[in-house]
$ cat input28.txt   # compact mmCIF, C-alpha atoms and all ligand atoms
# COMPACT_ATOMS: atom_id res chain seq x y z
CA VAL A 1 62.73 4.02 55.03
CA HIS A 2 60.47 6.52 56.73
CA TRP A 3 58.58 9.02 54.59
CA THR A 4 57.07 12.18 56.00
CA ALA A 5 53.69 13.27 54.68
CA GLU A 6 55.43 16.30 53.19
CA GLU A 7 57.99 14.20 51.30
CA LYS A 8 55.25 11.99 49.90
CA ALA A 9 53.34 15.09 48.84
CA PHE A 10 56.40 16.47 47.05
CA ILE A 11 56.84 13.23 45.12
CA THR A 12 53.18 12.88 44.15
CA SER A 13 52.82 16.53 43.20
CA THR A 14 55.80 16.28 40.86
CA TRP A 15 54.46 13.04 39.47
CA ALA A 16 51.08 14.62 38.68
CA LYS A 17 52.89 16.87 36.20
CA VAL A 18 54.98 14.13 34.61
CA ASN A 19 54.11 12.86 31.15
CA VAL A 20 55.43 9.31 31.10
CA GLU A 21 55.71 9.25 27.33
CA ALA A 22 57.42 12.61 26.66
CA ASP A 23 59.45 12.78 29.85
CA GLY A 24 60.36 9.09 29.69
CA HIS A 25 61.58 9.64 26.16
CA GLU A 26 63.67 12.63 27.18
CA ALA A 27 65.16 10.78 30.17
CA LEU A 28 66.14 7.72 28.14
CA CYS A 29 67.58 9.87 25.32
CA ARG A 30 69.66 11.77 27.86
CA LEU A 31 70.88 8.52 29.41
CA LEU A 32 71.99 7.19 26.01
CA VAL A 33 73.67 10.45 24.96
CA VAL A 34 75.24 11.56 28.24
CA TYR A 35 76.38 8.07 29.28
CA PRO A 36 77.01 6.43 25.89
CA TRP A 37 78.19 3.12 27.37
CA THR A 38 74.54 2.49 28.29
CA GLN A 39 73.85 2.01 24.55
CA ARG A 40 75.41 -1.45 24.68
CA TYR A 41 72.37 -2.85 26.51
CA PHE A 42 70.02 -1.71 23.76
CA SER A 43 71.66 -3.32 20.73
CA SER A 44 68.25 -4.72 19.71
CA PHE A 45 66.91 -1.17 19.34
CA GLY A 46 68.73 -0.54 16.05
CA ASN A 47 70.37 2.76 15.16
CA LEU A 48 71.66 4.70 18.18
CA SER A 49 74.69 6.14 16.39
CA ASN A 50 74.07 9.83 17.08
CA VAL A 51 71.73 12.22 18.89
CA THR A 52 69.30 12.47 15.97
CA ALA A 53 69.14 8.70 15.58
CA ILE A 54 68.59 8.22 19.32
CA SER A 55 65.86 10.83 19.66
CA GLY A 56 64.08 9.59 16.51
CA ASN A 57 64.27 5.91 17.46
CA ALA A 58 60.74 4.59 18.09
CA LYS A 59 62.01 1.81 20.38
CA VAL A 60 63.77 4.36 22.57
CA LYS A 61 60.54 6.29 22.80
CA ALA A 62 58.46 3.24 23.71
CA HIS A 63 61.02 2.08 26.24
CA GLY A 64 61.28 5.48 27.94
CA LYS A 65 57.55 5.32 28.56
CA LYS A 66 57.89 1.79 30.00
CA VAL A 67 60.61 2.88 32.40
CA LEU A 68 58.78 5.95 33.71
CA THR A 69 55.56 3.96 33.99
CA ALA A 70 57.46 1.55 36.25
CA VAL A 71 58.72 4.50 38.31
CA GLY A 72 55.12 5.70 38.65
CA SER A 73 54.02 2.27 39.88
CA ALA A 74 56.89 2.25 42.37
CA ILE A 75 55.62 5.60 43.71
CA GLN A 76 52.26 3.89 44.30
CA HIS A 77 54.19 1.41 46.49
CA ILE A 78 56.47 3.97 48.11
CA ASP A 79 56.45 2.19 51.48
CA ASP A 80 57.57 -1.11 49.98
CA VAL A 81 59.53 -0.35 46.81
CA LYS A 82 62.04 -3.12 47.47
CA HIS A 83 59.46 -5.90 47.34
CA TYR A 84 57.45 -4.24 44.62
CA LEU A 85 60.47 -4.09 42.27
CA ALA A 86 61.99 -7.45 43.24
CA ASP A 87 61.16 -9.18 39.93
CA LEU A 88 62.31 -6.20 37.84
CA SER A 89 65.56 -6.15 39.78
CA LYS A 90 66.09 -9.87 39.19
CA SER A 91 65.51 -9.48 35.44
CA HIS A 92 67.96 -6.57 35.20
CA ALA A 93 70.54 -8.55 37.14
CA GLN A 94 70.17 -12.05 35.78
CA GLU A 95 68.82 -11.63 32.26
CA LEU A 96 69.76 -8.13 31.12
CA HIS A 97 73.08 -8.00 33.03
CA VAL A 98 72.79 -4.26 33.55
CA ASP A 99 75.59 -2.81 35.66
CA PRO A 100 73.64 -1.39 38.64
CA GLU A 101 75.72 1.82 38.55
CA ASN A 102 73.56 2.71 35.59
CA PHE A 103 70.41 2.85 37.75
CA LYS A 104 71.94 5.84 39.48
CA ARG A 105 72.68 7.47 36.12
CA LEU A 106 69.06 7.04 35.07
CA THR A 107 67.76 8.65 38.25
CA GLU A 108 70.16 11.55 37.67
CA VAL A 109 68.81 12.27 34.20
CA MET A 110 65.29 11.96 35.59
CA VAL A 111 66.05 14.76 38.05
CA ILE A 112 67.41 16.90 35.20
CA VAL A 113 64.22 16.31 33.19
CA PHE A 114 61.97 17.18 36.14
CA ALA A 115 64.00 20.28 37.00
CA GLY A 116 63.78 21.49 33.40
CA LYS A 117 60.07 20.83 33.29
CA LEU A 118 59.08 22.25 36.67
CA GLY A 119 61.47 25.18 36.77
CA SER A 120 61.21 27.18 39.99
CA SER A 121 58.60 24.81 41.46
CA PHE A 122 61.31 22.11 41.58
CA THR A 123 62.50 23.62 44.84
CA PRO A 124 65.44 22.33 46.89
CA GLN A 125 62.95 20.56 49.19
CA VAL A 126 61.26 18.86 46.24
CA GLN A 127 64.66 17.83 44.90
CA ALA A 128 65.61 16.48 48.32
CA ALA A 129 62.49 14.29 48.37
CA TRP A 130 63.38 13.01 44.89
CA GLU A 131 67.00 12.28 45.82
CA LYS A 132 65.66 10.20 48.70
CA PHE A 133 63.14 8.40 46.50
CA ASN A 134 65.81 7.77 43.87
CA ALA A 135 68.13 6.26 46.47
CA VAL A 136 65.29 3.91 47.45
CA LEU A 137 64.62 3.10 43.79
CA VAL A 138 68.30 2.39 43.03
CA ALA A 139 68.64 0.23 46.17
CA ALA A 140 65.49 -1.72 45.25
CA LEU A 141 66.65 -2.32 41.67
CA SER A 142 70.10 -3.32 42.90
CA HIS A 143 68.74 -5.77 45.46
CA GLY A 144 68.38 -8.66 43.01
CA TYR A 145 72.15 -8.62 42.39
CA PHE A 146 72.91 -10.00 45.83
C1 LIG A 201 63.70 -3.43 30.46
C2 LIG A 201 62.46 -0.46 34.10
C3 LIG A 201 67.00 1.13 34.34
C4 LIG A 201 68.20 -1.65 30.58
C5 LIG A 201 62.98 -2.74 31.43
C6 LIG A 201 61.55 -2.87 31.64
C7 LIG A 201 61.20 -2.03 32.63
C8 LIG A 201 62.40 -1.38 33.08
C9 LIG A 201 59.80 -1.82 33.22
C10 LIG A 201 60.62 -3.78 30.87
C11 LIG A 201 60.64 -5.12 31.56
C12 LIG A 201 59.64 -6.06 30.98
O1 LIG A 201 59.11 -5.81 29.89
O2 LIG A 201 59.43 -7.10 31.64
C13 LIG A 201 63.59 0.19 34.51
C14 LIG A 201 63.64 1.16 35.58
C15 LIG A 201 64.93 1.61 35.65
C16 LIG A 201 65.67 0.92 34.62
C17 LIG A 201 62.45 1.58 36.45
C18 LIG A 201 65.56 2.63 36.56
C19 LIG A 201 64.92 3.59 37.20
C20 LIG A 201 67.70 0.55 33.32
C21 LIG A 201 69.06 0.91 32.95
C22 LIG A 201 69.39 0.13 31.89
C23 LIG A 201 68.25 -0.72 31.59
C24 LIG A 201 69.87 1.98 33.64
C25 LIG A 201 70.68 0.08 31.11
C26 LIG A 201 71.57 1.03 31.07
C27 LIG A 201 67.07 -2.36 30.22
C28 LIG A 201 67.02 -3.23 29.07
C29 LIG A 201 65.71 -3.74 29.03
C30 LIG A 201 65.01 -3.16 30.16
C31 LIG A 201 68.15 -3.52 28.09
C32 LIG A 201 65.13 -4.69 27.97
C33 LIG A 201 64.71 -3.82 26.81
C34 LIG A 201 64.08 -4.55 25.67
O3 LIG A 201 64.76 -5.37 25.07
O4 LIG A 201 62.89 -4.30 25.39
N1 LIG A 201 63.46 -1.84 32.32
N2 LIG A 201 64.84 0.06 33.96
N3 LIG A 201 67.24 -0.44 32.49
N4 LIG A 201 65.86 -2.34 30.85
FE1 LIG A 201 65.39 -1.22 32.47
$ encode --input "input28.txt" --output "C-alpha cells"
Amino acid sequence: VHWTAEEKAFITSTWAKVNVEADGHEALCRLLVVYPWTQRYFSSFGNLSNVTAISGNAKVKAHGKKVLTAVGSAIQHIDDVKHYLADLSKSHAQELHVDPENFKRLTEVMVIVFAGKLGSSFTPQVQAAWEKFNAVLVAALSHGYF
C-alpha cells in the first residue's frame, strides 16, 4: 500500500484528537448495540442485555480503550500494518474465533465516532484516508485466517 504524505497527515491529525478511552468506549458500545451478534464474543464481560447495561459495563469500557490503543499503534506502523498486527490477527482467528466480517463493522463504527467528534473537519478527504487505512487494518487483521 502506498501512502501519500497528505493521507498520512490526515490520519495523524485525526488521531491527535482521539481520546482512546472515551472514543474507544463509544466505538465498542456502538458495535455491540448496532451489530448485536458481536455480543456473543464477549460473554465473559457479564451483562450486555441492553444499551444501559452495555454503556455502563466497565469491561466494555476497558476493552474499548485496548482496541483503540491497538489502532493507534498500528498507525505508528502504517507502512507495515500487516506484519505489525500478525500476532493479534492470529489470536482473533485461532483463539477468539472472531468472524473477520466483524472487523469491518468495527472500522465502520470508528468512522461514525470520528465524524461525530470532528464535525466539519472530518472532510471527505479525511474520510477517504480513513477508509483506506481501515481497509488496510481489516486486511491485516484478517490475514491470520489464511
Ligand atoms: C481482544 C484489538 C476487533 C473480539 C483484543 C485485544 C486487542 C484487540 C488489542 C487484546 C488482546 C490481548 O490482550 O492480547 C482489536 C482491534 C480490532 C478488533 C484493533 C479491530 C479494529 C474485534 C472484533 C471483535 C473482537 C470486531 C468481535 C466482534 C475480541 C475479543 C477479545 C479481543 C472477544 C478478548 C477479550 C477479553 O476476553 O478480554 N482485541 N480487536 N475484536 N477482541 Fe479484538
$ closest_atom_pairs --input "input28.txt" --of "chain A" --to "ligand LIG 201 (chain A)" --cutoff "6 Å" --atoms "all atoms listed in the file" --output "CSV"
residue,atom,partner,partner_atom,distance
A:Thr38,CA,A:LIG201,C26,4.3
A:Tyr41,CA,A:LIG201,C31,4.6
A:Phe42,CA,A:LIG201,C31,5.1
A:Lys66,CA,A:LIG201,C9,5.2
A:Val67,CA,A:LIG201,C2,4.2
A:Ala70,CA,A:LIG201,C17,5.0
A:Val71,CA,A:LIG201,C17,5.1
A:Leu96,CA,A:LIG201,C31,5.7
A:Val98,CA,A:LIG201,C25,5.4
A:Asn102,CA,A:LIG201,C24,4.2
A:Phe103,CA,A:LIG201,C24,4.2
A:Leu106,CA,A:LIG201,C24,5.3
A:Thr107,CA,A:LIG201,C19,5.9
$ atom_distance --input "input28.txt" --atom1 "CA of Asn50 (chain A)" --atom2 "CA of Glu95 (chain A)"
26.8 Å
$ atom_distance --input "input28.txt" --atom1 "CA of Pro124 (chain A)" --atom2 "CA of Thr12 (chain A)"
15.7 Å
$ atom_distance --input "input28.txt" --atom1 "CA of Leu31 (chain A)" --atom2 "CA of Phe133 (chain A)"
18.8 Å
$ residues_around --input "input28.txt" --residues "Leu118 (chain A)" --least-positions-apart "2" --cutoff "12 Å" --atoms "only C-alpha atoms" --output "ChimeraX atom specification"
/A:13-19,23,111-116,120-123,126-127
$ closest_residue --input "input28.txt" --among "A:Trp37, A:Thr69, A:Ala22, A:Gln76" --to "Ser55 (chain A)" --atoms "only C-alpha atoms"
A:Ala22
$ axis_aligned_box --input "input28.txt" --around "region 8-15 of chain A" --padding-each-side "6 Å" --output "AutoDock Vina command-line options"
--center_x 54.8 --center_y 14.3 --center_z 44.7 --size_x 16.0 --size_y 16.5 --size_z 22.4
$ residues_around --input "input28.txt" --residues "Ala74 (chain A)" --least-positions-apart "3" --cutoff "10 Å" --atoms "only C-alpha atoms" --output "PyMOL selection string"
chain A and resi 68-71+77-85+133+136-137+140
$ closest_residue --input "input28.txt" --among "A:Glu131, A:Pro36, A:Cys29, A:Ser73" --to "Gly56 (chain A)" --atoms "all atoms listed in the file"
A:Cys29
$ residues_near_point --input "input28.txt" --point "(66.2, 5.7, 53.1)" --cutoff "7 Å" --atoms "only C-alpha atoms" --output "PDB file with C-alpha atoms, keeping the file's coordinate frame"
ATOM      1  CA  VAL A   1      62.730   4.020  55.030  1.00  0.00           C
ATOM      2  CA  HIS A   2      60.470   6.520  56.730  1.00  0.00           C
ATOM      3  CA  LYS A 132      65.660  10.200  48.700  1.00  0.00           C
ATOM      4  CA  ALA A 135      68.130   6.260  46.470  1.00  0.00           C
ATOM      5  CA  VAL A 136      65.290   3.910  47.450  1.00  0.00           C
TER       6      VAL A 136
END
$ closest_residue --input "input28.txt" --among "A:Glu108, A:Asp99, A:Val33, A:Leu28" --to "Val60 (chain A)" --atoms "all atoms listed in the file"
A:Leu28
$ closest_residue --input "input28.txt" --among "A:Ala86, A:Gly72, A:Leu32, A:Ala139" --to "Ala53 (chain A)" --atoms "all atoms listed in the file"
A:Leu32
$ closest_residue --input "input28.txt" --among "A:Arg105, A:Trp130, A:Val34, A:Gly24" --to "Ala9 (chain A)" --atoms "all atoms listed in the file"
A:Trp130
$ closest_residue --input "input28.txt" --among "A:Gly64, A:Asn134, A:Tyr145, A:Lys90" --to "Val20 (chain A)" --atoms "all atoms listed in the file"
A:Gly64
$ residues_around --input "input28.txt" --residues "Asp87 (chain A)" --least-positions-apart "5" --cutoff "9 Å" --atoms "only C-alpha atoms" --output "ChimeraX atom specification"
/A:92,141,144
$ write_last_selection --input "input28.txt" --atoms "C-alpha atoms" --output "mmCIF file, keeping the file's coordinate frame"
data_model
loop_
_atom_site.group_PDB
_atom_site.id
_atom_site.type_symbol
_atom_site.label_atom_id
_atom_site.label_comp_id
_atom_site.auth_asym_id
_atom_site.auth_seq_id
_atom_site.Cartn_x
_atom_site.Cartn_y
_atom_site.Cartn_z
ATOM 1 C CA HIS A 92 67.960 -6.570 35.200
ATOM 2 C CA LEU A 141 66.650 -2.320 41.670
ATOM 3 C CA GLY A 144 68.380 -8.660 43.010
#
$ decode --input "input28.txt" --residues "region 44-123 of chain A" --atoms "C-alpha atoms" --output "PDB file, in the first residue's frame"
ATOM      1  CA  SER A  44     -17.119 -13.105  29.825  1.00  0.00           C
ATOM      2  CA  PHE A  45     -17.956  -9.396  30.128  1.00  0.00           C
ATOM      3  CA  GLY A  46     -21.187 -10.013  32.046  1.00  0.00           C
ATOM      4  CA  ASN A  47     -24.374  -8.028  31.485  1.00  0.00           C
ATOM      5  CA  LEU A  48     -24.768  -6.741  27.909  1.00  0.00           C
ATOM      6  CA  SER A  49     -28.548  -7.126  27.835  1.00  0.00           C
ATOM      7  CA  ASN A  50     -29.476  -3.566  26.856  1.00  0.00           C
ATOM      8  CA  VAL A  51     -27.974  -0.200  25.920  1.00  0.00           C
ATOM      9  CA  THR A  52     -27.703   0.981  29.532  1.00  0.00           C
ATOM     10  CA  ALA A  53     -26.020  -2.244  30.611  1.00  0.00           C
ATOM     11  CA  ILE A  54     -23.582  -2.090  27.693  1.00  0.00           C
ATOM     12  CA  SER A  55     -22.603   1.545  28.182  1.00  0.00           C
ATOM     13  CA  GLY A  56     -22.236   1.095  31.955  1.00  0.00           C
ATOM     14  CA  ASN A  57     -20.201  -2.109  31.701  1.00  0.00           C
ATOM     15  CA  ALA A  58     -16.660  -1.469  33.000  1.00  0.00           C
ATOM     16  CA  LYS A  59     -15.209  -4.319  30.925  1.00  0.00           C
ATOM     17  CA  VAL A  60     -16.634  -2.806  27.749  1.00  0.00           C
ATOM     18  CA  LYS A  61     -15.027   0.479  28.685  1.00  0.00           C
ATOM     19  CA  ALA A  62     -11.631  -1.071  29.385  1.00  0.00           C
ATOM     20  CA  HIS A  63     -11.767  -3.131  26.218  1.00  0.00           C
ATOM     21  CA  GLY A  64     -12.711  -0.180  24.011  1.00  0.00           C
ATOM     22  CA  LYS A  65      -9.575   1.566  25.201  1.00  0.00           C
ATOM     23  CA  LYS A  66      -7.491  -1.542  24.424  1.00  0.00           C
ATOM     24  CA  VAL A  67      -8.851  -1.747  20.892  1.00  0.00           C
ATOM     25  CA  LEU A  68      -8.284   1.924  20.037  1.00  0.00           C
ATOM     26  CA  THR A  69      -4.837   1.809  21.623  1.00  0.00           C
ATOM     27  CA  ALA A  70      -4.036  -1.043  19.216  1.00  0.00           C
ATOM     28  CA  VAL A  71      -5.344   1.061  16.317  1.00  0.00           C
ATOM     29  CA  GLY A  72      -3.069   3.906  17.454  1.00  0.00           C
ATOM     30  CA  SER A  73      -0.064   1.570  17.492  1.00  0.00           C
ATOM     31  CA  ALA A  74      -0.974   0.336  14.014  1.00  0.00           C
ATOM     32  CA  ILE A  75      -0.940   3.973  12.833  1.00  0.00           C
ATOM     33  CA  GLN A  76       2.631   4.187  14.157  1.00  0.00           C
ATOM     34  CA  HIS A  77       3.414   1.268  11.813  1.00  0.00           C
ATOM     35  CA  ILE A  78       1.317   2.493   8.905  1.00  0.00           C
ATOM     36  CA  ASP A  79       3.791   1.229   6.288  1.00  0.00           C
ATOM     37  CA  ASP A  80       3.771  -2.305   7.676  1.00  0.00           C
ATOM     38  CA  VAL A  81       0.428  -2.861   9.409  1.00  0.00           C
ATOM     39  CA  LYS A  82       0.182  -6.446   8.185  1.00  0.00           C
ATOM     40  CA  HIS A  83       3.319  -7.595   9.973  1.00  0.00           C
ATOM     41  CA  TYR A  84       2.720  -5.386  12.964  1.00  0.00           C
ATOM     42  CA  LEU A  85      -0.727  -6.931  13.604  1.00  0.00           C
ATOM     43  CA  ALA A  86       0.178 -10.513  12.668  1.00  0.00           C
ATOM     44  CA  ASP A  87       0.002 -11.862  16.244  1.00  0.00           C
ATOM     45  CA  LEU A  88      -3.250 -10.016  17.003  1.00  0.00           C
ATOM     46  CA  SER A  89      -4.739 -11.422  13.819  1.00  0.00           C
ATOM     47  CA  LYS A  90      -3.692 -14.954  14.761  1.00  0.00           C
ATOM     48  CA  SER A  91      -5.252 -14.626  18.220  1.00  0.00           C
ATOM     49  CA  HIS A  92      -8.544 -13.326  16.795  1.00  0.00           C
ATOM     50  CA  ALA A  93      -8.591 -16.165  14.273  1.00  0.00           C
ATOM     51  CA  GLN A  94      -7.347 -19.117  16.261  1.00  0.00           C
ATOM     52  CA  GLU A  95      -8.251 -18.375  19.867  1.00  0.00           C
ATOM     53  CA  LEU A  96     -11.121 -15.898  19.806  1.00  0.00           C
ATOM     54  CA  HIS A  97     -12.722 -17.270  16.604  1.00  0.00           C
ATOM     55  CA  VAL A  98     -13.993 -13.841  15.611  1.00  0.00           C
ATOM     56  CA  ASP A  99     -15.725 -13.791  12.227  1.00  0.00           C
ATOM     57  CA  PRO A 100     -13.499 -11.364  10.269  1.00  0.00           C
ATOM     58  CA  GLU A 101     -16.576  -9.617   8.821  1.00  0.00           C
ATOM     59  CA  ASN A 102     -16.823  -8.009  12.229  1.00  0.00           C
ATOM     60  CA  PHE A 103     -13.506  -6.166  11.766  1.00  0.00           C
ATOM     61  CA  LYS A 104     -15.199  -4.191   9.019  1.00  0.00           C
ATOM     62  CA  ARG A 105     -18.130  -3.413  11.320  1.00  0.00           C
ATOM     63  CA  LEU A 106     -15.754  -2.084  13.966  1.00  0.00           C
ATOM     64  CA  THR A 107     -13.997   0.201  11.500  1.00  0.00           C
ATOM     65  CA  GLU A 108     -17.411   1.494  10.388  1.00  0.00           C
ATOM     66  CA  VAL A 109     -18.426   2.495  13.899  1.00  0.00           C
ATOM     67  CA  MET A 110     -14.995   4.075  14.355  1.00  0.00           C
ATOM     68  CA  VAL A 111     -15.674   6.324  11.356  1.00  0.00           C
ATOM     69  CA  ILE A 112     -19.054   7.283  12.839  1.00  0.00           C
ATOM     70  CA  VAL A 113     -17.392   8.178  16.146  1.00  0.00           C
ATOM     71  CA  PHE A 114     -14.699  10.281  14.450  1.00  0.00           C
ATOM     72  CA  ALA A 115     -17.228  12.034  12.224  1.00  0.00           C
ATOM     73  CA  GLY A 116     -19.371  12.907  15.240  1.00  0.00           C
ATOM     74  CA  LYS A 117     -16.380  14.151  17.150  1.00  0.00           C
ATOM     75  CA  LEU A 118     -14.664  16.140  14.401  1.00  0.00           C
ATOM     76  CA  GLY A 119     -17.753  17.509  12.693  1.00  0.00           C
ATOM     77  CA  SER A 120     -16.925  19.631   9.651  1.00  0.00           C
ATOM     78  CA  SER A 121     -13.184  18.972   9.992  1.00  0.00           C
ATOM     79  CA  PHE A 122     -13.875  15.311   9.134  1.00  0.00           C
ATOM     80  CA  THR A 123     -13.879  16.298   5.475  1.00  0.00           C
TER      81      THR A 123
END
